[in-house]
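Participant: So I've got this file, final_10.txt, and it contains compact mmCIF, C-alpha atoms and all ligand atoms:
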# COMPACT_ATOMS: atom_id res chain seq x y z
CA MET A 580 -17.93 45.76 7.51
CA THR A 581 -18.79 44.76 3.91
CA ASP A 582 -21.06 46.71 1.55
CA ASN A 583 -23.68 43.98 1.95
CA ASP A 584 -23.69 44.43 5.75
CA ARG A 585 -24.34 48.13 5.18
CA GLY A 586 -27.34 47.28 3.01
CA TYR A 587 -26.09 48.23 -0.47
CA PRO A 588 -24.59 45.75 -2.89
CA SER A 589 -21.41 47.71 -3.76
CA GLU A 590 -19.71 51.04 -3.09
CA ARG A 591 -20.83 52.43 -6.45
CA THR A 592 -24.50 51.78 -5.60
CA ARG A 593 -24.30 53.70 -2.30
CA VAL A 594 -26.70 56.70 -2.45
CA ARG A 595 -24.64 59.66 -1.24
CA ARG A 596 -26.97 62.68 -1.48
CA LEU A 597 -29.91 62.22 0.92
CA PRO A 598 -28.97 58.61 1.71
CA LYS A 599 -32.26 58.20 3.63
CA ARG A 600 -33.91 58.02 0.20
CA GLY A 601 -31.73 55.08 -0.87
CA VAL A 602 -33.59 51.78 -0.95
CA TYR A 603 -31.93 48.44 -1.54
CA ASP A 604 -34.66 45.84 -1.11
CA ARG A 605 -35.64 43.74 -4.11
CA GLN A 606 -39.35 44.37 -3.69
CA THR A 607 -38.92 48.11 -4.26
CA LEU A 608 -36.53 47.54 -7.17
CA ASP A 609 -38.87 45.01 -8.81
CA SER A 610 -41.89 47.29 -8.53
CA ILE A 611 -39.96 50.18 -10.13
CA ILE A 612 -38.82 47.98 -13.03
CA ASP A 613 -42.18 46.26 -13.47
CA GLN A 614 -44.03 49.56 -13.82
CA ALA A 615 -41.52 50.91 -16.35
CA LEU A 616 -41.74 50.66 -20.10
CA ILE A 617 -38.38 52.24 -20.86
CA GLY A 618 -35.01 52.77 -19.25
CA HIS A 619 -31.89 54.66 -20.30
CA VAL A 620 -28.98 52.39 -21.05
CA GLY A 621 -25.53 53.95 -20.55
CA PHE A 622 -22.22 52.56 -21.77
CA VAL A 623 -18.85 53.78 -23.02
CA VAL A 624 -17.95 53.06 -26.60
CA ASP A 625 -14.60 54.09 -28.12
CA GLY A 626 -13.98 56.19 -25.00
CA SER A 627 -17.19 58.15 -25.44
CA PRO A 628 -20.21 57.88 -23.10
CA CYS A 629 -23.55 57.14 -24.74
CA VAL A 630 -27.02 56.82 -23.22
CA ILE A 631 -29.76 55.18 -25.29
CA PRO A 632 -33.47 54.77 -24.43
CA MET A 633 -34.65 51.15 -24.61
CA VAL A 634 -37.53 48.94 -23.52
CA VAL A 635 -36.74 47.34 -20.14
CA VAL A 636 -38.44 44.23 -18.79
CA ARG A 637 -37.73 42.16 -15.70
CA ASN A 638 -37.61 38.39 -15.94
CA ASP A 639 -37.15 37.11 -12.36
CA ASP A 640 -33.58 38.09 -11.41
CA ASP A 641 -32.63 39.59 -14.79
CA LEU A 642 -33.38 42.74 -16.72
CA LEU A 643 -34.06 41.96 -20.38
CA LEU A 644 -32.98 44.29 -23.18
CA HIS A 645 -33.47 43.56 -26.85
CA GLY A 646 -32.75 44.97 -30.25
CA SER A 647 -31.51 44.33 -33.72
CA THR A 648 -28.57 41.94 -33.92
CA ALA A 649 -27.05 44.47 -36.35
CA SER A 650 -27.28 47.42 -33.95
CA ARG A 651 -24.01 48.91 -32.69
CA LEU A 652 -25.47 49.23 -29.21
CA ILE A 653 -26.64 45.62 -29.06
CA ARG A 654 -23.36 44.27 -30.44
CA HIS A 655 -21.38 46.35 -27.95
CA LEU A 656 -23.47 45.14 -25.00
CA ALA A 657 -23.44 41.53 -26.19
CA ASP A 658 -19.62 41.71 -26.26
CA GLY A 659 -19.74 42.15 -22.47
CA ALA A 660 -19.40 45.94 -22.12
CA GLU A 661 -20.03 47.48 -18.71
CA VAL A 662 -23.52 48.95 -18.67
CA CYS A 663 -25.53 51.19 -16.38
CA VAL A 664 -29.32 51.29 -16.75
CA SER A 665 -31.38 54.10 -15.24
CA ILE A 666 -35.16 53.92 -14.77
CA VAL A 667 -37.34 56.69 -13.36
CA HIS A 668 -41.02 57.29 -12.63
CA LEU A 669 -41.84 60.93 -12.07
CA ASP A 670 -44.70 61.09 -9.55
CA GLY A 671 -45.06 64.78 -8.84
CA ILE A 672 -43.67 68.30 -8.66
CA VAL A 673 -43.07 69.31 -5.07
CA VAL A 674 -43.81 73.00 -4.61
CA ALA A 675 -42.08 74.41 -1.55
CA ARG A 676 -42.33 77.77 0.17
CA SER A 677 -38.70 78.46 -0.68
CA VAL A 678 -37.29 77.98 -4.16
CA PHE A 679 -34.41 76.04 -2.60
CA ASP A 680 -36.73 73.32 -1.31
CA ASN A 681 -38.70 72.83 -4.54
CA SER A 682 -38.32 69.19 -5.50
CA MET A 683 -39.85 66.21 -7.29
CA ASN A 684 -41.46 63.02 -6.11
CA TYR A 685 -40.04 60.02 -7.91
CA ARG A 686 -39.11 56.35 -7.84
CA SER A 687 -35.86 55.56 -9.60
CA ALA A 688 -33.50 52.65 -9.99
CA ILE A 689 -29.97 52.12 -11.27
CA ILE A 690 -28.60 48.77 -12.40
CA PHE A 691 -24.89 48.15 -13.08
CA GLY A 692 -23.38 45.09 -14.70
CA ARG A 693 -22.61 43.24 -17.88
CA ALA A 694 -25.27 41.64 -20.05
CA ASP A 695 -25.07 38.38 -21.93
CA PRO A 696 -27.20 37.24 -24.85
CA LEU A 697 -29.82 34.52 -24.65
CA ILE A 698 -28.62 31.78 -26.98
CA SER A 699 -31.08 28.92 -27.32
CA ARG A 700 -34.22 29.24 -29.43
CA ALA A 701 -36.40 28.38 -26.44
CA GLN A 702 -34.75 31.07 -24.28
CA LYS A 703 -35.15 33.66 -27.03
CA ILE A 704 -38.83 32.84 -27.56
CA GLU A 705 -39.44 33.00 -23.81
CA GLY A 706 -37.54 36.31 -23.59
CA LEU A 707 -39.50 37.85 -26.46
CA ARG A 708 -42.76 36.64 -25.00
CA THR A 709 -41.87 38.29 -21.68
CA ILE A 710 -41.04 41.55 -23.46
CA VAL A 711 -44.16 41.58 -25.66
CA ASP A 712 -46.48 40.70 -22.79
CA HIS A 713 -44.85 43.31 -20.56
CA LEU A 714 -45.76 46.10 -23.00
CA LEU A 715 -49.28 44.77 -23.51
CA PRO A 716 -50.22 41.73 -21.40
CA GLY A 717 -51.75 38.94 -23.49
CA ARG A 718 -50.53 40.30 -26.84
CA TRP A 719 -48.10 37.44 -27.54
CA ASP A 720 -50.93 34.93 -28.00
CA GLU A 721 -52.93 37.29 -30.26
CA ALA A 722 -50.25 38.30 -32.76
CA ARG A 723 -48.26 36.37 -35.38
CA GLN A 724 -45.31 34.49 -33.90
CA PRO A 725 -41.74 35.39 -34.96
CA THR A 726 -40.23 33.64 -37.98
CA GLU A 727 -36.77 32.02 -37.79
CA LYS A 728 -35.38 34.99 -39.74
CA GLU A 729 -36.90 37.48 -37.28
CA LEU A 730 -35.52 35.47 -34.37
CA ARG A 731 -32.03 35.52 -35.90
CA ALA A 732 -32.31 39.29 -36.44
CA THR A 733 -33.12 39.91 -32.76
CA THR A 734 -30.71 39.77 -29.83
CA ILE A 735 -32.09 39.49 -26.32
CA LEU A 736 -29.72 40.43 -23.52
CA ARG A 737 -29.96 39.43 -19.88
CA LEU A 738 -28.52 41.81 -17.27
CA PRO A 739 -28.46 40.27 -13.75
CA LEU A 740 -30.18 42.37 -11.07
CA ARG A 741 -27.19 42.04 -8.77
CA GLU A 742 -25.64 45.49 -8.40
CA THR A 743 -28.64 47.74 -7.99
CA SER A 744 -30.01 50.66 -6.02
CA ALA A 745 -33.32 52.49 -5.81
CA LYS A 746 -34.08 56.00 -4.64
CA VAL A 747 -37.53 57.19 -3.72
CA ARG A 748 -39.04 60.53 -2.70
CA SER A 749 -42.69 60.97 -1.77
CA GLY A 750 -44.75 63.33 0.30
CA PRO A 751 -44.99 67.07 0.89
CA PRO A 752 -42.23 69.69 0.66
CA GLN A 753 -39.56 69.68 3.33
CA ASP A 754 -39.36 73.41 3.96
CA ASP A 755 -37.02 74.71 6.62
CA HIS A 756 -39.09 75.17 9.81
CA ARG A 757 -38.47 78.95 9.67
CA ASP A 758 -40.16 79.08 6.24
CA ARG A 759 -43.30 77.19 7.30
CA GLN A 760 -45.01 80.38 8.48
CA LEU A 761 -44.54 82.19 5.14
CA PRO A 762 -47.81 83.12 3.36
CA VAL A 763 -46.69 81.17 0.28
CA TRP A 764 -48.63 78.19 -1.19
CA ALA A 765 -46.89 74.85 -0.86
CA GLY A 766 -47.83 71.29 -1.80
CA GLU A 767 -47.49 68.74 -4.58
CA ILE A 768 -48.72 68.59 -8.17
CA PRO A 769 -49.11 64.83 -8.82
CA LEU A 770 -48.09 63.68 -12.30
CA ARG A 771 -49.36 60.49 -14.00
CA MET A 772 -48.98 58.89 -17.41
CA THR A 773 -52.44 58.65 -18.97
CA THR A 774 -53.97 56.41 -21.63
CA LEU A 775 -56.17 57.73 -24.44
CA ALA A 776 -58.62 55.79 -26.61
CA PRO A 777 -56.86 53.39 -29.02
CA VAL A 778 -56.53 54.55 -32.64
CA PRO A 779 -56.99 51.74 -35.21
CA ASP A 780 -54.43 51.44 -37.99
CA PRO A 781 -55.94 53.20 -41.05
CA LEU A 782 -55.15 49.99 -42.99
CA LEU A 783 -57.11 47.83 -40.54
CA ASP A 784 -60.16 45.92 -41.78
CA SER A 785 -62.99 47.67 -39.91
CA GLU A 786 -64.55 44.25 -39.15
CA ILE A 787 -61.65 43.37 -36.82
CA PRO A 788 -62.64 44.14 -33.24
CA VAL A 789 -60.42 45.68 -30.56
CA PRO A 790 -58.63 42.64 -29.06
CA GLU A 791 -58.88 41.34 -25.53
CA SER A 792 -55.36 42.55 -24.61
CA VAL A 793 -56.19 46.16 -25.51
CA ARG A 794 -59.60 46.03 -23.83
CA ARG A 795 -58.08 44.59 -20.63
CA PHE A 796 -55.31 47.18 -20.68
CA LEU A 797 -57.81 50.05 -21.03
CA ALA A 798 -60.03 48.61 -18.28
CA ALA A 799 -57.04 48.30 -15.94
CA ARG A 800 -56.04 51.89 -16.69
CA ALA A 801 -59.63 53.05 -16.07
CA ARG A 802 -59.26 51.47 -12.61
CA ARG A 803 -56.09 53.59 -12.31
CA GLU A 804 -53.80 50.56 -12.21
CA PRO A 805 -50.16 51.21 -13.19
CA ILE A 806 -49.21 51.15 -16.88
CA ALA A 807 -47.18 47.96 -16.76
CA GLY A 808 -47.78 46.78 -13.23
CA ARG A 809 -47.69 43.06 -12.57
CA ASP A 810 -49.42 43.25 -9.23
C1 LIG B 1 -38.95 54.83 -26.13
C2 LIG B 1 -37.90 54.13 -26.93
C3 LIG B 1 -37.70 52.77 -26.75
C4 LIG B 1 -36.72 52.10 -27.50
N1 LIG B 1 -36.52 50.78 -27.28
C5 LIG B 1 -35.53 50.14 -27.94
C6 LIG B 1 -35.20 48.79 -27.65
O1 LIG B 1 -35.82 48.14 -26.79
N2 LIG B 1 -34.22 48.21 -28.34
C7 LIG B 1 -33.49 48.90 -29.30
O2 LIG B 1 -32.58 48.31 -29.89
N3 LIG B 1 -33.75 50.17 -29.58
C8 LIG B 1 -34.76 50.81 -28.92
N4 LIG B 1 -35.03 52.11 -29.20
C9 LIG B 1 -34.23 52.76 -30.21
C10 LIG B 1 -32.88 53.12 -29.57
O3 LIG B 1 -33.07 54.26 -28.73
C11 LIG B 1 -31.82 53.44 -30.58
O4 LIG B 1 -32.30 54.41 -31.49
C12 LIG B 1 -31.36 52.27 -31.37
O5 LIG B 1 -31.08 51.16 -30.57
C13 LIG B 1 -30.12 52.75 -32.09
O6 LIG B 1 -29.32 51.71 -32.44
P1 LIG B 1 -28.10 51.97 -33.43
O7 LIG B 1 -27.12 50.88 -33.15
O8 LIG B 1 -28.57 52.18 -34.80
O9 LIG B 1 -27.54 53.38 -33.00
P2 LIG B 1 -26.26 53.74 -32.18
O10 LIG B 1 -25.08 53.35 -33.00
O11 LIG B 1 -26.35 53.16 -30.83
O12 LIG B 1 -26.37 55.31 -32.10
C14 LIG B 1 -25.65 56.16 -32.96
C15 LIG B 1 -26.04 57.58 -32.66
O13 LIG B 1 -27.39 57.79 -33.10
C16 LIG B 1 -28.04 58.69 -32.22
N5 LIG B 1 -29.20 58.00 -31.61
C17 LIG B 1 -29.39 56.67 -31.47
N6 LIG B 1 -30.56 56.44 -30.86
C18 LIG B 1 -31.12 57.63 -30.60
C19 LIG B 1 -32.31 58.03 -29.99
N7 LIG B 1 -33.21 57.13 -29.49
N8 LIG B 1 -32.58 59.34 -29.90
C20 LIG B 1 -31.72 60.26 -30.38
N9 LIG B 1 -30.55 59.94 -30.98
C21 LIG B 1 -30.26 58.64 -31.09
C22 LIG B 1 -27.04 59.07 -31.15
O14 LIG B 1 -26.41 60.27 -31.50
C23 LIG B 1 -26.05 57.91 -31.17
O15 LIG B 1 -24.76 58.26 -30.69
C24 LIG B 1 -35.96 52.81 -28.46
C25 LIG B 1 -36.16 54.17 -28.61
C26 LIG B 1 -37.09 54.83 -27.84
C27 LIG B 1 -37.24 56.32 -28.01
What does the file become when written as structure tokens?

Facilitator:
Amino acid sequence: MTDNDRGYPSERTRVRRLPKRGVYDRQTLDSIIDQALIGHVGFVVDGSPCVIPMVVVRNDDDLLLHGSTASRLIRHLADGAEVCVSIVHLDGIVVARSVFDNSMNYRSAIIFGRADPLISRAQKIEGLRTIVDHLLPGRWDEARQPTEKELRATTILRLPLRETSAKVRSGPPQDDHRDRQLPVWAGEIPLRMTTLAPVPDPLLDSEIPVPESVRRFLAARARREPIAGRD
């Protein structure tokens, strides 16, 4: 039986602890990535592990990472280093009757692979547009476009979403049945990222109104839509 027949793409993506929480379908993976703004990018450099927070954005079947062409991290990844990206949404603190069964509700994803840089100007522009509009949908068309110098100074890396896993926990505590009669409160404290009112740059001309992208973002958040959700 191959790893694919078992449902996970490779042995290293097999969830071992509580395997029932392992999820391998693309829909779950995509929704975790699409609602994330950052991920933690792990790699080994000169024999030493390093984990760096970065913006993560999905473009179809790839995860896009970007940074300064001069950055050690970016140069290392662009050279084809093995990379492992971890993304997590913390949804709640699970408060159990026993301290042993206290837990967290979460949606998390891990992506293994090697990234390669986008080369052509058109690919780089498209990649940057995807990244900018992921952070704030519609912002690309409102702001100044990158100069040739800025484009040269930026590397955009594409990591294929091939070797991936997701792990999800939701719902109430899973206390041992003998503990369920204890007179101890149990439940969940939901956690959410919130948005506050935008703060204009002190240097901003006060005549310039809050743009459409920011207004739409705030309206979507007021409707309790996810921070960076695409659907
Ligand atoms: C929320 C968030 C999003 C980010 N998004 C991006 C992104 O999309 N692209 C990007 O290039 N950079 C991003 N950064 C910055 C990124 O985390 C690194 O700081 C940057 O890439 C460092 O590059 P470097 O080559 O100079 O450092 P490196 O040579 O990679 O790091 C050298 C050393 O500096 C220290 N260091 C580096 N970064 C950090 C850090 N963030 N916190 C604490 N210590 C650190 C570590 O000790 C590390 O070993 C983001 C940071 C945050 C917090």

Participant: Can you pull out the residues contacting Arg595 of chain A? Cut-off 12 Å, using all atoms listed in the file, and skip same-chain residues under 6 positions away; I want them as a PyMOL selection string.

Facilitator: chain A and resi 587+601-602+744+746

Participant: Residues contacting ligand LIG 1 (chain B) - anything with an atom at most 8 Å away, using all atoms listed in the file - can you give me those as a ChimeraX atom specification?

Facilitator: /A:616-618,629-635,644-647,649-653

Participant: A:Arg802, A:Met772, A:Asp780, A:Asn681: which is nearest Gln614 of chain A, counting all atoms listed in the file?

Facilitator: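 Closest to Gln614 of chain A of all the choices is A:Met772.
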
Participant: Looking at only C-alpha atoms, which of A:Val674, A:Leu736, A:Met683, A:Leu715 is the one that sits closest to Pro696 of chain A?

Facilitator: A:Leu736

Participant: Find the residues near Val763 of chain A: any atom within 12 Å, counting all atoms listed in the file, skip ones fewer than 6 places away on the same chain, and give them as a list of chain:residue names.

Facilitator: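 These residues fall inside the cut-off: A:Val674, A:Ala675, A:Arg676, A:Ser677, A:Val678, A:Asp754.
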
Participant: Those same residues, written as a PDB file, in the frame of the given file with C-alpha atoms?

Facilitator:
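Here's the written file part_30.pdb:
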ATOM      1  CA  VAL A 674     -43.810  73.000  -4.610  1.00  0.00           C
ATOM      2  CA  ALA A 675     -42.080  74.410  -1.550  1.00  0.00           C
ATOM      3  CA  ARG A 676     -42.330  77.770   0.170  1.00  0.00           C
ATOM      4  CA  SER A 677     -38.700  78.460  -0.680  1.00  0.00           C
ATOM      5  CA  VAL A 678     -37.290  77.980  -4.160  1.00  0.00           C
ATOM      6  CA  ASP A 754     -39.360  73.410   3.960  1.00  0.00           C
TER       7      ASP A 754
END

Participant: Using the structure just given, write a file holding all heavy atoms for segment 790-802 of chain A, as a PDB file, in the first residue's frame.

Facilitator:
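Written file, part-v5.pdb:
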ATOM      1  N   PRO A 790      -9.677  54.490   1.801  1.00  0.00           N
ATOM      2  CA  PRO A 790      -9.942  53.893   0.490  1.00  0.00           C
ATOM      3  C   PRO A 790     -10.943  52.741   0.556  1.00  0.00           C
ATOM      4  O   PRO A 790     -11.218  52.187   1.625  1.00  0.00           O
ATOM      5  CB  PRO A 790      -8.565  53.386   0.045  1.00  0.00           C
ATOM      6  CG  PRO A 790      -7.844  53.127   1.316  1.00  0.00           C
ATOM      7  CD  PRO A 790      -8.353  54.138   2.312  1.00  0.00           C
ATOM      8  N   GLU A 791     -11.405  52.394  -0.643  1.00  0.00           N
ATOM      9  CA  GLU A 791     -12.381  51.322  -0.804  1.00  0.00           C
ATOM     10  C   GLU A 791     -11.891  50.005  -0.178  1.00  0.00           C
ATOM     11  O   GLU A 791     -12.637  49.317   0.502  1.00  0.00           O
ATOM     12  CB  GLU A 791     -12.621  51.140  -2.319  1.00  0.00           C
ATOM     13  CG  GLU A 791     -13.578  50.033  -2.705  1.00  0.00           C
ATOM     14  CD  GLU A 791     -15.002  50.318  -2.267  1.00  0.00           C
ATOM     15  OE1 GLU A 791     -15.298  51.491  -1.976  1.00  0.00           O
ATOM     16  OE2 GLU A 791     -15.799  49.373  -2.183  1.00  0.00           O
ATOM     17  N   SER A 792     -10.607  49.676  -0.398  1.00  0.00           N
ATOM     18  CA  SER A 792     -10.089  48.386   0.102  1.00  0.00           C
ATOM     19  C   SER A 792     -10.231  48.317   1.622  1.00  0.00           C
ATOM     20  O   SER A 792     -10.649  47.287   2.166  1.00  0.00           O
ATOM     21  CB  SER A 792      -8.617  48.210  -0.289  1.00  0.00           C
ATOM     22  OG  SER A 792      -7.833  49.221   0.316  1.00  0.00           O
ATOM     23  N   VAL A 793      -9.895  49.411   2.304  1.00  0.00           N
ATOM     24  CA  VAL A 793      -9.960  49.407   3.771  1.00  0.00           C
ATOM     25  C   VAL A 793     -11.415  49.376   4.226  1.00  0.00           C
ATOM     26  O   VAL A 793     -11.776  48.645   5.157  1.00  0.00           O
ATOM     27  CB  VAL A 793      -9.212  50.645   4.353  1.00  0.00           C
ATOM     28  CG1 VAL A 793      -9.384  50.715   5.864  1.00  0.00           C
ATOM     29  CG2 VAL A 793      -7.743  50.602   3.968  1.00  0.00           C
ATOM     30  N   ARG A 794     -12.269  50.135   3.526  1.00  0.00           N
ATOM     31  CA  ARG A 794     -13.681  50.155   3.925  1.00  0.00           C
ATOM     32  C   ARG A 794     -14.317  48.780   3.740  1.00  0.00           C
ATOM     33  O   ARG A 794     -15.044  48.300   4.594  1.00  0.00           O
ATOM     34  CB  ARG A 794     -14.450  51.239   3.149  1.00  0.00           C
ATOM     35  CG  ARG A 794     -14.185  52.631   3.747  1.00  0.00           C
ATOM     36  CD  ARG A 794     -15.105  53.703   3.226  1.00  0.00           C
ATOM     37  NE  ARG A 794     -14.687  54.126   1.902  1.00  0.00           N
ATOM     38  CZ  ARG A 794     -15.410  53.955   0.806  1.00  0.00           C
ATOM     39  NH1 ARG A 794     -16.599  53.398   0.877  1.00  0.00           N
ATOM     40  NH2 ARG A 794     -14.968  54.364  -0.350  1.00  0.00           N
ATOM     41  N   ARG A 795     -13.974  48.128   2.609  1.00  0.00           N
ATOM     42  CA  ARG A 795     -14.535  46.783   2.355  1.00  0.00           C
ATOM     43  C   ARG A 795     -14.036  45.778   3.382  1.00  0.00           C
ATOM     44  O   ARG A 795     -14.765  44.929   3.863  1.00  0.00           O
ATOM     45  CB  ARG A 795     -14.178  46.312   0.942  1.00  0.00           C
ATOM     46  CG  ARG A 795     -15.382  46.365   0.014  1.00  0.00           C
ATOM     47  CD  ARG A 795     -15.129  45.646  -1.291  1.00  0.00           C
ATOM     48  NE  ARG A 795     -14.276  46.432  -2.150  1.00  0.00           N
ATOM     49  CZ  ARG A 795     -13.166  45.987  -2.741  1.00  0.00           C
ATOM     50  NH1 ARG A 795     -12.769  44.757  -2.582  1.00  0.00           N
ATOM     51  NH2 ARG A 795     -12.462  46.770  -3.516  1.00  0.00           N
ATOM     52  N   PHE A 796     -12.746  45.897   3.727  1.00  0.00           N
ATOM     53  CA  PHE A 796     -12.150  44.991   4.701  1.00  0.00           C
ATOM     54  C   PHE A 796     -12.860  45.138   6.054  1.00  0.00           C
ATOM     55  O   PHE A 796     -13.236  44.153   6.694  1.00  0.00           O
ATOM     56  CB  PHE A 796     -10.658  45.315   4.839  1.00  0.00           C
ATOM     57  CG  PHE A 796      -9.894  44.417   5.762  1.00  0.00           C
ATOM     58  CD1 PHE A 796      -9.369  43.221   5.298  1.00  0.00           C
ATOM     59  CD2 PHE A 796      -9.690  44.751   7.093  1.00  0.00           C
ATOM     60  CE1 PHE A 796      -8.652  42.379   6.142  1.00  0.00           C
ATOM     61  CE2 PHE A 796      -8.981  43.927   7.942  1.00  0.00           C
ATOM     62  CZ  PHE A 796      -8.463  42.733   7.468  1.00  0.00           C
ATOM     63  N   LEU A 797     -13.068  46.393   6.472  1.00  0.00           N
ATOM     64  CA  LEU A 797     -13.724  46.630   7.768  1.00  0.00           C
ATOM     65  C   LEU A 797     -15.167  46.130   7.753  1.00  0.00           C
ATOM     66  O   LEU A 797     -15.646  45.547   8.731  1.00  0.00           O
ATOM     67  CB  LEU A 797     -13.683  48.123   8.112  1.00  0.00           C
ATOM     68  CG  LEU A 797     -12.286  48.686   8.380  1.00  0.00           C
ATOM     69  CD1 LEU A 797     -12.358  50.194   8.567  1.00  0.00           C
ATOM     70  CD2 LEU A 797     -11.662  48.019   9.605  1.00  0.00           C
ATOM     71  N   ALA A 798     -15.842  46.338   6.616  1.00  0.00           N
ATOM     72  CA  ALA A 798     -17.243  45.887   6.520  1.00  0.00           C
ATOM     73  C   ALA A 798     -17.303  44.362   6.606  1.00  0.00           C
ATOM     74  O   ALA A 798     -18.174  43.794   7.277  1.00  0.00           O
ATOM     75  CB  ALA A 798     -17.857  46.378   5.211  1.00  0.00           C
ATOM     76  N   ALA A 799     -16.357  43.700   5.925  1.00  0.00           N
ATOM     77  CA  ALA A 799     -16.339  42.228   5.947  1.00  0.00           C
ATOM     78  C   ALA A 799     -16.073  41.740   7.363  1.00  0.00           C
ATOM     79  O   ALA A 799     -16.690  40.777   7.836  1.00  0.00           O
ATOM     80  CB  ALA A 799     -15.274  41.701   4.989  1.00  0.00           C
ATOM     81  N   ARG A 800     -15.167  42.429   8.063  1.00  0.00           N
ATOM     82  CA  ARG A 800     -14.860  42.021   9.442  1.00  0.00           C
ATOM     83  C   ARG A 800     -16.060  42.269  10.348  1.00  0.00           C
ATOM     84  O   ARG A 800     -16.323  41.497  11.260  1.00  0.00           O
ATOM     85  CB  ARG A 800     -13.634  42.788   9.966  1.00  0.00           C
ATOM     86  CG  ARG A 800     -12.357  42.432   9.263  1.00  0.00           C
ATOM     87  CD  ARG A 800     -11.951  40.994   9.513  1.00  0.00           C
ATOM     88  NE  ARG A 800     -11.632  40.787  10.914  1.00  0.00           N
ATOM     89  CZ  ARG A 800     -11.748  39.638  11.557  1.00  0.00           C
ATOM     90  NH1 ARG A 800     -12.207  38.586  10.933  1.00  0.00           N
ATOM     91  NH2 ARG A 800     -11.410  39.542  12.822  1.00  0.00           N
ATOM     92  N   ALA A 801     -16.796  43.363  10.085  1.00  0.00           N
ATOM     93  CA  ALA A 801     -17.993  43.645  10.898  1.00  0.00           C
ATOM     94  C   ALA A 801     -19.020  42.538  10.720  1.00  0.00           C
ATOM     95  O   ALA A 801     -19.797  42.247  11.620  1.00  0.00           O
ATOM     96  CB  ALA A 801     -18.575  45.000  10.516  1.00  0.00           C
ATOM     97  N   ARG A 802     -19.013  41.918   9.517  1.00  0.00           N
ATOM     98  CA  ARG A 802     -19.920  40.775   9.283  1.00  0.00           C
ATOM     99  C   ARG A 802     -19.298  39.490   9.803  1.00  0.00           C
ATOM    100  O   ARG A 802     -19.792  38.401   9.515  1.00  0.00           O
ATOM    101  CB  ARG A 802     -20.219  40.641   7.780  1.00  0.00           C
ATOM    102  CG  ARG A 802     -20.995  41.810   7.192  1.00  0.00           C
ATOM    103  CD  ARG A 802     -21.537  41.480   5.802  1.00  0.00           C
ATOM    104  NE  ARG A 802     -20.477  41.144   4.864  1.00  0.00           N
ATOM    105  CZ  ARG A 802     -19.836  42.034   4.082  1.00  0.00           C
ATOM    106  NH1 ARG A 802     -20.172  43.309   4.136  1.00  0.00           N
ATOM    107  NH2 ARG A 802     -18.893  41.648   3.267  1.00  0.00           N
TER     108      ARG A 802
END
